[in-house]
Each structure stands twice: as structure tokens, then as C-alpha cells.
>>> print(open('my_file34.cif').read())   # mmCIF, C-alpha atoms and all ligand atoms
data_final
loop_
_atom_site.label_atom_id
_atom_site.label_comp_id
_atom_site.auth_asym_id
_atom_site.auth_seq_id
_atom_site.Cartn_x
_atom_site.Cartn_y
_atom_site.Cartn_z
CA MET A 250 0.00 0.00 0.00
CA THR A 251 1.36 3.46 -0.81
CA THR A 252 1.75 5.98 1.97
CA THR A 253 -0.99 8.54 1.74
CA VAL A 254 -1.76 11.77 3.52
CA ALA A 255 -4.91 10.31 5.08
CA ARG A 256 -3.03 7.30 6.45
CA CYS A 257 -0.26 9.53 7.79
CA ILE A 258 -2.75 11.77 9.60
CA GLU A 259 -4.37 8.75 11.17
CA GLN A 260 -0.95 7.53 12.25
CA ARG A 261 -0.05 10.94 13.69
CA PHE A 262 -3.18 11.35 15.80
CA GLY A 263 -4.44 7.81 16.26
CA ILE A 264 -7.85 8.84 14.92
CA PRO A 265 -9.19 9.04 11.36
CA PRO A 266 -8.73 12.41 9.67
CA GLY A 267 -11.63 14.80 9.18
CA GLU A 268 -13.92 14.23 6.25
CA GLY A 269 -12.32 17.03 4.26
CA VAL A 270 -8.97 15.25 4.14
CA ARG A 271 -8.40 13.41 0.92
CA ASP A 272 -5.47 11.84 -0.79
CA ALA A 273 -4.46 13.69 -3.89
CA PRO A 274 -1.45 11.94 -5.40
CA GLU A 275 -1.56 14.40 -8.28
CA ARG A 276 -1.42 17.41 -5.91
CA ARG A 277 1.78 19.39 -6.02
CA GLY A 278 3.87 18.81 -2.90
CA GLU A 279 2.04 15.64 -1.86
CA ALA A 280 5.34 13.88 -1.13
CA THR A 281 6.42 16.79 1.06
CA LEU A 282 3.16 16.66 3.02
CA VAL A 283 3.71 12.96 3.65
CA ARG A 284 7.30 13.59 4.75
CA VAL A 285 6.24 16.28 7.23
CA LEU A 286 3.38 14.16 8.58
CA GLU A 287 5.74 11.22 9.04
CA ARG A 288 8.58 13.18 10.58
CA ARG A 289 10.17 11.94 13.75
CA THR A 290 13.10 12.54 16.04
CA HIS A 291 16.10 10.26 15.60
CA ARG A 292 18.56 9.54 18.41
CA ARG A 293 20.67 6.70 16.93
CA TYR A 294 23.03 7.38 14.04
CA ARG A 295 25.23 5.35 11.75
CA ASP A 296 28.94 5.96 12.12
CA GLU A 297 29.07 7.99 8.92
CA PRO A 298 29.88 11.65 8.48
CA VAL A 299 27.58 14.24 6.95
CA ASP A 300 29.18 15.56 3.80
CA GLU A 301 30.58 19.11 4.13
CA ALA A 302 28.75 20.46 1.10
CA LEU A 303 25.48 19.08 2.47
CA VAL A 304 26.07 20.70 5.87
CA GLU A 305 26.65 24.02 4.16
CA THR A 306 23.45 23.62 2.16
CA LEU A 307 21.41 22.70 5.22
CA LEU A 308 22.76 25.67 7.15
CA ALA A 309 21.69 27.88 4.24
CA CYS A 310 18.22 26.27 4.45
CA ALA A 311 18.12 27.03 8.20
CA LEU A 312 18.93 30.68 7.54
CA SER A 313 16.14 30.78 4.95
CA ALA A 314 13.53 30.47 7.71
CA SER A 315 11.09 33.34 8.16
CA SER A 316 12.29 36.02 10.51
CA LYS A 317 10.34 38.50 12.63
CA SER A 318 10.56 41.96 10.99
CA ASP A 319 13.48 40.61 8.96
CA LEU A 320 15.58 41.10 12.10
CA GLN A 321 17.42 37.80 11.49
CA GLN A 322 18.08 37.02 15.12
CA ALA A 323 19.15 33.39 14.80
CA SER A 324 22.77 32.30 15.18
CA ILE A 325 24.08 28.77 14.88
CA VAL A 326 27.24 27.48 16.54
CA ARG A 327 28.57 24.44 14.74
CA VAL A 328 30.50 22.45 17.32
CA ARG A 329 33.39 21.19 15.20
CA SER A 330 35.72 20.44 18.10
CA ALA A 331 35.34 16.77 19.06
CA GLU A 332 36.58 17.73 22.51
CA SER A 333 33.85 20.33 22.97
CA GLN A 334 31.17 17.95 21.75
CA ALA A 335 32.43 15.25 24.14
CA LYS A 336 32.41 17.78 26.97
CA ILE A 337 28.78 18.74 26.32
CA ALA A 338 27.89 15.03 26.08
CA SER A 339 29.59 14.38 29.42
CA TRP A 340 27.24 16.86 31.14
CA LEU A 341 24.24 14.84 29.93
CA PRO A 342 25.14 11.14 30.29
CA ALA A 343 21.48 10.12 29.93
CA MET A 344 21.63 11.36 26.32
CA PRO A 345 24.54 9.49 24.70
CA TRP A 346 23.30 10.58 21.24
CA ILE A 347 24.90 13.98 21.88
CA GLY A 348 28.40 12.52 21.78
CA GLU A 349 27.57 10.05 19.02
CA ALA A 350 26.02 12.48 16.53
CA PRO A 351 28.24 13.08 13.47
CA LEU A 352 27.14 16.71 13.55
CA PHE A 353 26.22 18.82 16.56
CA LEU A 354 24.87 22.36 16.36
CA VAL A 355 23.70 24.87 18.94
CA PHE A 356 20.93 27.23 17.87
CA CYS A 357 20.95 30.62 19.57
CA GLY A 358 18.80 33.70 19.82
CA ASP A 359 20.92 36.73 18.97
CA ASN A 360 20.39 40.33 20.02
CA LEU A 361 24.09 41.18 19.72
CA ARG A 362 23.98 41.92 16.01
CA LEU A 363 21.19 44.47 16.42
CA ARG A 364 22.98 46.16 19.31
CA ARG A 365 26.16 46.41 17.27
CA ALA A 366 24.27 47.62 14.20
CA ALA A 367 22.64 50.30 16.36
CA ALA A 368 26.09 51.43 17.57
CA LEU A 369 27.41 51.32 14.01
CA ARG A 370 24.59 53.54 12.81
CA GLY A 371 24.59 55.76 15.91
CA LYS A 372 21.08 54.82 17.04
CA PRO A 373 19.67 54.14 20.50
CA PHE A 374 18.76 50.53 21.19
CA PRO A 375 16.29 50.48 24.10
CA ASN A 376 15.20 46.93 23.29
CA ASP A 377 16.83 44.37 25.54
CA ASN A 378 13.29 43.61 26.64
CA VAL A 379 11.02 40.57 26.84
CA ASP A 380 9.59 41.21 23.39
CA MET A 381 13.02 41.21 21.75
CA PHE A 382 14.01 38.12 23.74
CA MET A 383 10.93 36.37 22.38
CA ASN A 384 11.62 37.52 18.82
CA ALA A 385 15.12 36.08 19.03
CA ALA A 386 13.92 32.81 20.58
CA VAL A 387 11.25 32.40 17.90
CA ASP A 388 13.71 33.13 15.09
CA ALA A 389 16.18 30.59 16.47
CA ALA A 390 13.45 27.96 16.80
CA LEU A 391 12.27 28.56 13.24
CA ALA A 392 15.83 28.22 11.98
CA MET A 393 16.27 24.95 13.88
CA GLN A 394 13.02 23.48 12.56
CA THR A 395 13.79 24.61 9.02
CA PHE A 396 17.19 22.94 9.29
CA THR A 397 15.50 19.81 10.62
CA LEU A 398 12.92 19.59 7.84
CA ALA A 399 15.61 20.14 5.20
CA ALA A 400 17.82 17.51 6.83
CA GLU A 401 14.94 15.05 6.99
CA ALA A 402 14.22 15.68 3.30
CA VAL A 403 17.62 14.24 2.41
CA GLY A 404 17.25 11.30 4.79
CA LEU A 405 19.10 12.64 7.83
CA GLY A 406 17.69 12.36 11.34
CA CYS A 407 17.82 15.04 14.03
CA CYS A 408 17.27 15.41 17.74
CA PRO A 409 16.98 18.82 19.41
CA ILE A 410 18.67 19.06 22.82
CA SER A 411 17.13 21.74 25.02
CA GLU A 412 18.75 19.92 27.95
CA VAL A 413 21.92 21.85 27.13
CA ARG A 414 20.16 24.73 28.92
CA THR A 415 20.47 22.77 32.15
CA HIS A 416 24.18 23.59 31.85
CA ILE A 417 23.76 27.02 30.40
CA ASP A 418 26.64 28.74 32.17
CA ARG A 419 29.15 26.06 31.18
CA LEU A 420 27.80 26.03 27.63
CA THR A 421 28.00 29.81 27.36
CA GLU A 422 31.61 29.71 28.53
CA LEU A 423 32.55 26.79 26.25
CA LEU A 424 31.03 28.39 23.15
CA GLU A 425 32.11 31.89 24.22
CA LEU A 426 28.59 33.24 23.75
CA PRO A 427 28.77 37.00 24.26
CA PRO A 428 26.13 39.19 25.95
CA GLY A 429 23.03 39.38 23.77
CA VAL A 430 23.32 35.75 22.68
CA PHE A 431 21.63 32.80 24.38
CA PRO A 432 21.25 29.12 23.38
CA ILE A 433 17.77 27.78 22.78
CA SER A 434 18.76 24.21 21.94
CA GLY A 435 21.43 21.88 20.65
CA LEU A 436 20.72 19.72 17.60
CA CYS A 437 22.13 16.25 16.92
CA VAL A 438 22.25 15.37 13.23
CA GLY A 439 23.17 12.09 11.55
CA TRP A 440 22.14 9.26 9.27
CA PRO A 441 19.48 7.30 11.18
CA GLU A 442 20.42 3.82 12.28
CA ARG A 443 16.80 2.81 12.83
CA GLU A 444 13.46 3.58 11.30
CA GLY A 445 12.16 5.20 14.49
CA PHE A 446 8.48 5.85 15.09
CA VAL A 447 5.86 8.53 14.67
CA SER A 448 4.96 10.08 18.01
CA MET A 449 1.21 10.48 18.49
CA ARG A 450 0.08 14.09 18.90
CA LEU A 451 -2.82 15.71 20.73
CA PRO A 452 -5.78 15.78 18.35
CA PRO A 453 -6.51 18.81 16.15
CA ALA A 454 -9.82 19.06 18.06
CA LEU A 455 -7.75 20.17 21.07
CA ALA A 456 -5.07 22.22 19.40
CA VAL A 457 -6.94 23.94 16.57
CA HIS A 458 -9.65 26.46 17.44
CA GLU A 459 -12.29 27.88 15.13
CA ASP A 460 -12.62 31.67 15.41
CA VAL A 461 -12.35 31.65 19.20
CA TYR A 462 -10.39 29.62 21.69
CA ASP A 463 -12.44 26.75 22.99
CA ALA A 464 -11.26 24.68 25.96
CA SER A 465 -14.54 22.90 26.60
CA ASP A 466 -14.19 19.15 27.17
CA LEU A 467 -10.46 19.69 27.54
CA GLU A 468 -10.08 17.13 30.33
CA GLU A 469 -12.09 14.43 28.52
CA LYS A 470 -10.10 15.00 25.33
CA ILE A 471 -6.80 14.77 27.19
CA ASP A 472 -7.91 11.57 28.88
CA ALA A 473 -9.02 10.07 25.56
CA TYR A 474 -5.65 11.03 24.04
CA ASP A 475 -3.81 9.43 26.97
CA ARG A 476 -5.68 6.17 26.35
CA ARG A 477 -5.20 6.19 22.58
CA ARG A 478 -1.51 6.81 23.00
CA ASP A 479 -1.19 4.18 25.71
CA ALA A 480 -2.87 1.62 23.45
CA ARG A 481 -0.20 2.22 20.82
CA TYR A 482 2.78 2.64 23.09
CA ARG A 483 2.67 1.97 26.82
CA ILE A 484 5.23 3.79 28.94
CA PRO A 485 6.95 0.97 30.87
CA ALA A 486 6.48 1.00 34.65
CA GLU A 487 10.22 1.52 35.20
CA ARG A 488 10.04 4.80 33.28
CA GLN A 489 7.44 6.39 35.54
CA ARG A 490 8.80 9.62 36.98
CA GLU A 491 8.90 10.74 40.60
CA VAL A 492 7.62 7.44 41.97
CA GLU A 493 8.87 8.39 45.46
CA ARG A 494 6.57 11.42 45.42
CA PHE A 495 3.55 10.22 43.49
CA GLY A 496 3.73 6.43 43.69
CA THR A 497 3.40 3.96 40.82
CA ALA A 498 0.36 4.73 38.72
CA ASP A 499 -1.84 1.92 37.41
CA PHE A 500 -2.54 4.00 34.35
CA TYR A 501 0.41 6.17 33.32
CA GLY A 502 -0.44 8.16 30.22
CA TRP A 503 1.01 11.25 28.56
CA SER A 504 -0.65 13.73 30.94
CA GLU A 505 0.48 11.79 34.02
CA ASP A 506 4.01 11.79 32.66
CA LYS A 507 4.09 15.48 31.70
CA THR A 508 2.48 16.71 34.91
CA ARG A 509 4.96 14.68 36.97
CA GLN A 510 7.81 16.04 34.86
CA TYR A 511 6.69 19.62 35.45
CA SER A 512 5.69 19.27 39.09
CA ARG A 513 8.96 21.01 39.99
CA PRO A 514 10.19 24.34 38.67
CA ALA A 515 12.24 23.87 35.51
CA ARG A 516 15.52 25.79 35.28
CA PRO A 517 14.59 28.47 37.81
CA GLY A 518 17.89 30.27 37.20
CA PHE A 519 17.14 31.03 33.54
CA ARG A 520 15.93 34.59 34.09
CA ASP A 521 19.08 35.43 36.06
CA TYR A 522 21.14 33.96 33.24
CA LEU A 523 19.35 36.17 30.70
CA HIS A 524 20.01 39.19 32.91
CA ARG A 525 23.69 38.28 32.94
CA GLN A 526 23.56 37.99 29.14
CA GLY A 527 22.35 41.57 29.01
CA PHE A 528 18.59 41.14 28.70
CA ALA A 529 16.82 43.57 31.01
CA LEU A 530 13.57 41.72 30.21
CA GLU A 531 11.43 44.75 31.00
C1 LIG B 601 12.93 22.50 21.54
C2 LIG B 601 13.07 21.01 21.69
C3 LIG B 601 13.93 20.51 22.64
C4 LIG B 601 14.12 19.13 22.78
N1 LIG B 601 15.04 18.67 23.68
C5 LIG B 601 15.33 17.34 23.73
C6 LIG B 601 16.38 16.88 24.56
O1 LIG B 601 17.01 17.63 25.31
N2 LIG B 601 16.69 15.57 24.51
C7 LIG B 601 16.02 14.67 23.70
O2 LIG B 601 16.37 13.49 23.67
N3 LIG B 601 14.99 15.10 22.90
C8 LIG B 601 14.65 16.41 22.89
N4 LIG B 601 13.66 16.87 22.07
C9 LIG B 601 12.91 15.91 21.21
C10 LIG B 601 11.48 15.70 21.74
O3 LIG B 601 11.53 14.84 22.85
C11 LIG B 601 10.61 15.15 20.61
O4 LIG B 601 10.51 16.11 19.58
C12 LIG B 601 9.21 14.79 21.12
O5 LIG B 601 9.27 13.70 22.01
C13 LIG B 601 8.27 14.46 19.98
O6 LIG B 601 8.81 13.43 19.18
P1 LIG B 601 8.95 13.59 17.62
O7 LIG B 601 9.83 14.77 17.33
O8 LIG B 601 9.56 12.29 17.15
O9 LIG B 601 7.57 13.78 17.08
C14 LIG B 601 13.40 18.23 21.96
C15 LIG B 601 12.51 18.75 21.00
C16 LIG B 601 12.35 20.11 20.87
C17 LIG B 601 11.40 20.64 19.82
#
>>> encode(input="my_file34.cif", output="C-alpha cells")
Amino acid sequence: MTTTVARCIEQRFGIPPGEGVRDAPERRGEATLVRVLERRTHRRYRDEPVDEALVETLLACALSASSKSDLQQASIVRVRSAESQAKIASWLPAMPWIGEAPLFLVFCGDNLRLRRAAALRGKPFPNDNVDMFMNAAVDAALAMQTFTLAAEAVGLGCCPISEVRTHIDRLTELLELPPGVFPISGLCVGWPEREGFVSMRLPPALAVHEDVYDASDLEEKIDAYDRRRDARYRIPAERQREVERFGTADFYGWSEDKTRQYSRPARPGFRDYLHRQGFALE
């Protein structure tokens, strides 16, 4: 059977697509739609380098992402030094794919360029604020996802690593990130060793709103999603989080997992870090 858009949507959400969805093999871009619908994170790579010319092309694709007000606030640090990559990997032993990836990048939000351009052109720059921080973070995220989609188009696999932010001071020192620049995520890139799997998403009925935001039946829809997802892939009992605090759950779905994961403050020092990097965040 050929892979079709309708089948991919069903695979992505675990429920049949809406009636309007139809397969249109003759439609321009159909193969791209299928590729996006089937996309997945890869964490195991063959021991094979990514060709230099291809890396250059993919970086150009990343920098082709849309950019808020054309401000172009994404920067990418390519970690070429094997020693540096090994050092970052050593901070996160639970994620061996960081050290194993043939290519490792760090995507950053960048306010430095605008500050320097303002000085160059003799203009004030009263914009080290929350809005500019968000613009830079969004630009960096768009660049990372554009890189990822381009990489996936040629058969590469990627895994973002926001966990590098758990070691943000060490990372900033290692990569010599100046004030105005902050990492949003690392990215492992390589030729996938395995096929991997499509991760089931919350249904469009929860995440897409018509005209106005509608959170009615939210809890029932989350519960139904938990059960659909569990039927496809059950989180093993040994992977339940915070068992000492919350006990072992009989039913451990996505929402149980995510609420346990975020039952403690995540990276509470991040605002102080941003202040140190020169963001007043007013
Ligand atoms: C911004 C961002 C940060 C992420 N950070 C990590 C990470 O630190 N380690 C990891 O193994 N996966 C990380 N991931 C991968 C997610 O776990 C993955 O995208 C999610 O489970 C959904 O799976 P899928 O991409 O295969 O659909 C990250 C993804 C994103 C978008």
C-alpha cells in the first residue's frame, strides 16, 4: 500500500482524519506533506559523516527560515571540536546521542547583532526587553526546525537538545557566547540507524480552534488522548517519573508523565542567566 496523507494523519493522531482530508497523489507537494506528517526525532546514528557540502546547504536552508521583521536574530554554533562535543555530552550522560552524533549544532537567539548595528549607525537601542528576547527565541526555533525539515528531506535524522540549557553557564563559557546571545537548543544530526516511530500528537480538536479559543471538554479529550496513546505505546512502569513522590500509577499516560515532569520548577535560574547575558527583560 502506498503511503498517503490520510493514512499519515491517522498515524499521527491515532484517529481518522476529518472528512475534508483526501489523498491527492496528483497534488503538487504531496510527497512533502507525507514527509512532514511522518517526521520523527532520531537519536541513533550510523557511524558515517555528513558531507561538508550538504552541511553548508542545510545551514543555508536554516537561515532561509522566516524572521520577525526581517531582524534575522538566529545564530548557529557548529561544534566542530570533538573535545567540545564530548564535553557537552559528558554533562548529559542520559543522552549518549549527543556525543555520538556526526554533527552537533547549537541554535541561539541573537540580540548582539542588532545592538552592534545600532552602535554602528549611531542609534539608541532600548530593546533588551522581553519582546526582543521572544523575537530572538522564535527566530532561532524557526531556523532549527527549518534545518531539521531540510535535513529530513535528504534522509538525515535530528534530535533537538534543550537539555543543554540545564548547563547554560558552562555552555555559554565553552562556546564563548557574548552578551546578547543565548542558546535555545542543541541539535544532533546524523544518518538514522533505525526507522524510528511517529509520536502520536494531541488531536486537532484540542489544538486547533475555530474563530475563538475553545477549551470545553479539555479534560475528557486529554484523557481520551492518553488512552489512545497508551494503546499504541505503553510507557513501561520503570520509566514512571517521581515514583517516590507520586507512587506507581496503574494508568500512566502522557498527561500523568508530563504533569509529573513539570511538578517542579524547571531551570529556575534562567531569568538570572538572561540578565547576565544583558537582557533587562522589561
Ligand atoms: C525545543 C526542543 C527541545 C528538545 N530537547 C530534547 C532533549 O534535550 N533531549 C532529547 O532526547 N529530545 C529532545 N527533544 C525531542 C522531543 O523529545 C521530541 O521532539 C518529542 O518527544 C516528539 O517526538 P517527535 O519529534 O519524534 O515527534 C526536543 C525537542 C524540541 C522541539
>>> axis_aligned_box(input="my_file34.cif", around="ligand LIG 601 (chain B)", padding_each_side="4 Å", output="JSON")
{"center_x": 12.3, "center_y": 17.4, "center_z": 21.2, "size_x": 17.4, "size_y": 18.2, "size_z": 16.2}
>>> residues_near_ligand(input="my_file34.cif", ligand="ligand LIG 601 (chain B)", cutoff="7 Å", atoms="only C-alpha atoms and all ligand atoms", output="PDB file with C-alpha atoms, in the coordinates of the input")
ATOM      1  CA  ARG A 288       8.580  13.180  10.580  1.00  0.00           C
ATOM      2  CA  ARG A 289      10.170  11.940  13.750  1.00  0.00           C
ATOM      3  CA  THR A 290      13.100  12.540  16.040  1.00  0.00           C
ATOM      4  CA  ARG A 292      18.560   9.540  18.410  1.00  0.00           C
ATOM      5  CA  MET A 344      21.630  11.360  26.320  1.00  0.00           C
ATOM      6  CA  CYS A 408      17.270  15.410  17.740  1.00  0.00           C
ATOM      7  CA  PRO A 409      16.980  18.820  19.410  1.00  0.00           C
ATOM      8  CA  ILE A 410      18.670  19.060  22.820  1.00  0.00           C
ATOM      9  CA  SER A 411      17.130  21.740  25.020  1.00  0.00           C
ATOM     10  CA  GLU A 412      18.750  19.920  27.950  1.00  0.00           C
ATOM     11  CA  VAL A 413      21.920  21.850  27.130  1.00  0.00           C
ATOM     12  CA  SER A 434      18.760  24.210  21.940  1.00  0.00           C
ATOM     13  CA  PHE A 446       8.480   5.850  15.090  1.00  0.00           C
ATOM     14  CA  VAL A 447       5.860   8.530  14.670  1.00  0.00           C
ATOM     15  CA  SER A 448       4.960  10.080  18.010  1.00  0.00           C
TER      16      SER A 448
END
>>> residues_around(input="my_file34.cif", residues="Leu352 (chain A)", least_positions_apart="4", cutoff="9 Å", atoms="all atoms listed in the file", output="NGL selection string")
:A and (298-299 or 304 or 327-329 or 436-439)
>>> residues_around(input="my_file34.cif", residues="region 501-504 of chain A", least_positions_apart="2", cutoff="12 Å", atoms="only C-alpha atoms", output="number ranges by chain")
A: 448-451, 467-490, 492, 495-499, 506-512
>>> closest_residue(input="my_file34.cif", among="A:Phe374, A:Trp440, A:Phe353, A:Phe528", to="Ala400 (chain A)", atoms="all atoms listed in the file")
A:Trp440
>>> closest_residue(input="my_file34.cif", among="A:Trp346, A:Trp340, A:Phe396, A:Phe356", to="Leu307 (chain A)", atoms="only C-alpha atoms")
A:Phe396
>>> atom_distance(input="my_file34.cif", atom1="CA of Gly269 (chain A)", atom2="CA of Leu398 (chain A)")
25.6 Å
>>> residues_near_point(input="my_file34.cif", point="(16.1, 6.3, 2.5)", cutoff="12 Å", atoms="only C-alpha atoms", output="number ranges by chain")
A: 284, 401-406, 440-444
>>> closest_residue(input="my_file34.cif", among="A:Asp380, A:Glu425, A:Glu268, A:Glu279", to="Ser333 (chain A)", atoms="all atoms listed in the file")
A:Glu425
>>> closest_residue(input="my_file34.cif", among="A:Ser318, A:Ile337, A:Arg261, A:Ala350", to="Asn384 (chain A)", atoms="only C-alpha atoms")
A:Ser318
>>> closest_residue(input="my_file34.cif", among="A:Pro342, A:Arg419, A:Ser315, A:Gly445", to="Met393 (chain A)", atoms="all atoms listed in the file")
A:Ser315
